[in-house]
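Chemist: Once you've had a glance at the structure underneath, I'll fire off some questions.
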Amino acid sequence: MDETNEAVPLSESQTEMTEMLLPDSTNALGRALGGVVLHWMDICGAISAMRFANRQCVTASMDHVDFIAPIDVGEIAVVKAYAFNTGRTSVDVKVDVHSEDPRTGEKQETTTSFLTFVAIDDDGNPTTVPDVVCETDAEKQLRQEAVEKRQKELESIIERMREDY
Ligand SMILES: CC(=O)SCCNC(=O)CCNC(=O)[C@H](O)C(C)(C)COP(=O)(O)OP(=O)(O)OC[C@H]1O[C@@H](n2cnc3c(N)ncnc32)[C@H](O)[C@@H]1OP(=O)(O)O
């Protein structure tokens, strides 16, 4: 890819994965292991970044993660990701997870985080990525939501650290 960044719609990056929580992915309480949820988030985020950049992408970082509600064995986990911001070679992706009770259809937000992926060329070096363009009001809203939520979360971590130290 050359140095002139093209623009790719946010929608190109939108990715959804559906999983069933099975006993081998749970703790002694029959709830999803945190590491399993992080794995799903990493995979879904990476697919989103790669669809967006049309390149292999590697995970460079994951922001703070709060597990706000459990996922119980037998429940469905839905993982959704989209790219909302880019640097020269990096793509910021918002990843949300919610659980779904297959008997009632009831949904519960369980986890959100922000991951940064770096696009890699055929020689294994970071390579340029397109800019994100929002073509619809819905895409603009998704981008705005991600930027504001990430900022709020970072501020809340700083606040917690101030209280603790
Ligand atoms: C999908 C997977 O699970 S992949 C497996 C897990 N991930 C990995 O193995 C990745 C291991 N890490 C690496 O290979 C390297 O550290 C890389 C490719 C992420 C970065 O390599 P560097 O030599 O630091 O690259 P460089 O300094 O040129 O920076 C490239 C970009 O990475 C970004 N970057 C580097 N480190 C980080 C980090 N810790 N967090 C966020 N972004 C980062 C830089 O800001 C820069 O972004 P920009 O071009 O948009 O400004």
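FYI, nothing fancy with the structure tokens labels: chains A, B, ... in order, residues from 1 per chain, ligands from 1 as they appear.
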Give me the residues near Ala60 (chain A) as a list in words, where near means some atom within 9 Å (using only C-alpha atoms) and where sequence neighbours in that chain fewer than 3 positions away do not count.
Modeler: Ser90, Leu115, Thr116, Phe117 and Val118 of chain A
Chemist: For the strand (DSSP E or B) assignment from backbone DSSP, which residues of region 20-165 of chain A qualify? Please present them as a VMD selection string.
Modeler: chain A and resid 20 26 31 to 32 56 to 62 66 to 67 72 76 to 86 90 to 100 107 to 120 126 131 to 133
Chemist: Fewer than 3 positions away in the same chain doesn't count, so skip those; otherwise give me all residues within 10 Å of Leu29 (chain A), counting only C-alpha atoms, as a VMD selection string.
Modeler: chain A and resid 26 32 to 33 72 to 73
Chemist: Rounded to one decimal, what separation in Å do you get between CA of Gln144 (chain A) and CA of Ser48 (chain A)?
Modeler: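 Going from CA of Gln144 (chain A) over to CA of Ser48 (chain A) covers 17.8 Å.
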Chemist: Which of chain A end up as helix (DSSP H, G or I) when DSSP is run on this backbone - answer as a PyMOL selection string?
Modeler: chain A and resi 10-13+23-25+34-53+137-164
Chemist: Distance table requested - chain A against ligand 1, cut-off 12 Å, only C-alpha atoms and all ligand atoms: one row per qualifying residue with the closest atom pair and its distance in Å to one decimal, ordered by chain and rising residue number, as a Markdown table.
Modeler:
| residue | atom | partner | partner_atom_place_in_ligand_line | distance |
| --- | --- | --- | --- | --- |
| A:Glu3 | CA | ligand 1 | 49 (O) | 11.4 |
| A:Asn5 | CA | ligand 1 | 50 (O) | 11.7 |
| A:Leu38 | CA | ligand 1 | 3 (O) | 10.6 |
| A:His39 | CA | ligand 1 | 3 (O) | 8.5 |
| A:Trp40 | CA | ligand 1 | 3 (O) | 10.4 |
| A:Met41 | CA | ligand 1 | 3 (O) | 10.0 |
| A:Asp42 | CA | ligand 1 | 3 (O) | 6.2 |
| A:Ile43 | CA | ligand 1 | 1 (C) | 6.2 |
| A:Cys44 | CA | ligand 1 | 1 (C) | 9.0 |
| A:Gly45 | CA | ligand 1 | 1 (C) | 8.0 |
| A:Ala46 | CA | ligand 1 | 1 (C) | 5.1 |
| A:Ile47 | CA | ligand 1 | 1 (C) | 8.1 |
| A:Ser48 | CA | ligand 1 | 1 (C) | 10.4 |
| A:Ala49 | CA | ligand 1 | 1 (C) | 9.3 |
| A:Met50 | CA | ligand 1 | 1 (C) | 9.3 |
| A:Arg55 | CA | ligand 1 | 1 (C) | 11.6 |
| A:Gln56 | CA | ligand 1 | 1 (C) | 8.5 |
| A:Cys57 | CA | ligand 1 | 1 (C) | 6.3 |
| A:Val58 | CA | ligand 1 | 4 (S) | 3.7 |
| A:Thr59 | CA | ligand 1 | 7 (N) | 4.2 |
| A:Ala60 | CA | ligand 1 | 19 (C) | 4.2 |
| A:Ser61 | CA | ligand 1 | 40 (N) | 4.4 |
| A:Met62 | CA | ligand 1 | 40 (N) | 7.6 |
| A:Asp63 | CA | ligand 1 | 40 (N) | 8.9 |
| A:Asn85 | CA | ligand 1 | 50 (O) | 9.5 |
| A:Thr86 | CA | ligand 1 | 50 (O) | 6.2 |
| A:Gly87 | CA | ligand 1 | 50 (O) | 3.2 |
| A:Arg88 | CA | ligand 1 | 50 (O) | 3.7 |
| A:Thr89 | CA | ligand 1 | 49 (O) | 3.7 |
| A:Ser90 | CA | ligand 1 | 50 (O) | 3.8 |
| A:Val91 | CA | ligand 1 | 50 (O) | 6.9 |
| A:Asp92 | CA | ligand 1 | 41 (C) | 8.6 |
| A:Val93 | CA | ligand 1 | 41 (C) | 11.2 |
| A:Phe114 | CA | ligand 1 | 41 (C) | 10.4 |
| A:Leu115 | CA | ligand 1 | 41 (C) | 8.0 |
| A:Thr116 | CA | ligand 1 | 41 (C) | 5.3 |
| A:Phe117 | CA | ligand 1 | 19 (C) | 7.0 |
| A:Val118 | CA | ligand 1 | 32 (O) | 5.4 |
| A:Ala119 | CA | ligand 1 | 18 (C) | 7.5 |
| A:Ile120 | CA | ligand 1 | 18 (C) | 6.9 |
| A:Asp121 | CA | ligand 1 | 18 (C) | 10.1 |
| A:Asp123 | CA | ligand 1 | 18 (C) | 11.5 |
| A:Gly124 | CA | ligand 1 | 18 (C) | 8.0 |
| A:Asn125 | CA | ligand 1 | 18 (C) | 6.8 |
| A:Pro126 | CA | ligand 1 | 30 (C) | 5.6 |
| A:Thr127 | CA | ligand 1 | 49 (O) | 7.7 |
| A:Thr128 | CA | ligand 1 | 49 (O) | 7.1 |
| A:Val129 | CA | ligand 1 | 50 (O) | 8.1 |
| A:Pro130 | CA | ligand 1 | 50 (O) | 10.5 |
| A:Asp131 | CA | ligand 1 | 50 (O) | 10.6 |
Chemist: Separation of CA of Ala138 (chain A) and CA of Asn54 (chain A), in Å?
Modeler: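 These two atoms are separated by 22.9 Å.
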Chemist: Which is closest to Gln108 (chain A) among A:Val37, A:Ala146, A:Val8, A:Ala77, if we use only C-alpha atoms?
Modeler: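 Ranked by minimum distance to Gln108 (chain A), first place goes to A:Ala77.
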Chemist: Check the smallest atom-to-atom distance from each of A:Glu159, A:Glu16, A:Asp66, A:Glu135 to Gly34 (chain A) using only C-alpha atoms, then report the winner.
Modeler: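 Nearest to Gly34 (chain A): A:Asp66.
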Chemist: Give me, as a list in words, all polymer residues having an atom no more than 10 Å from His64 (chain A), counting only C-alpha atoms and skipping those fewer than 4 positions away in the same chain.
Modeler: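 Using only C-alpha atoms, the neighbours found are Thr112, Ser113, Phe114, Leu115, Arg150, Glu153, Leu154 and Ile157 of chain A.
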Chemist: Hey, can you check how far CA of Thr104 (chain A) sits from CA of Leu142 (chain A)?
Modeler: 27.6 Å
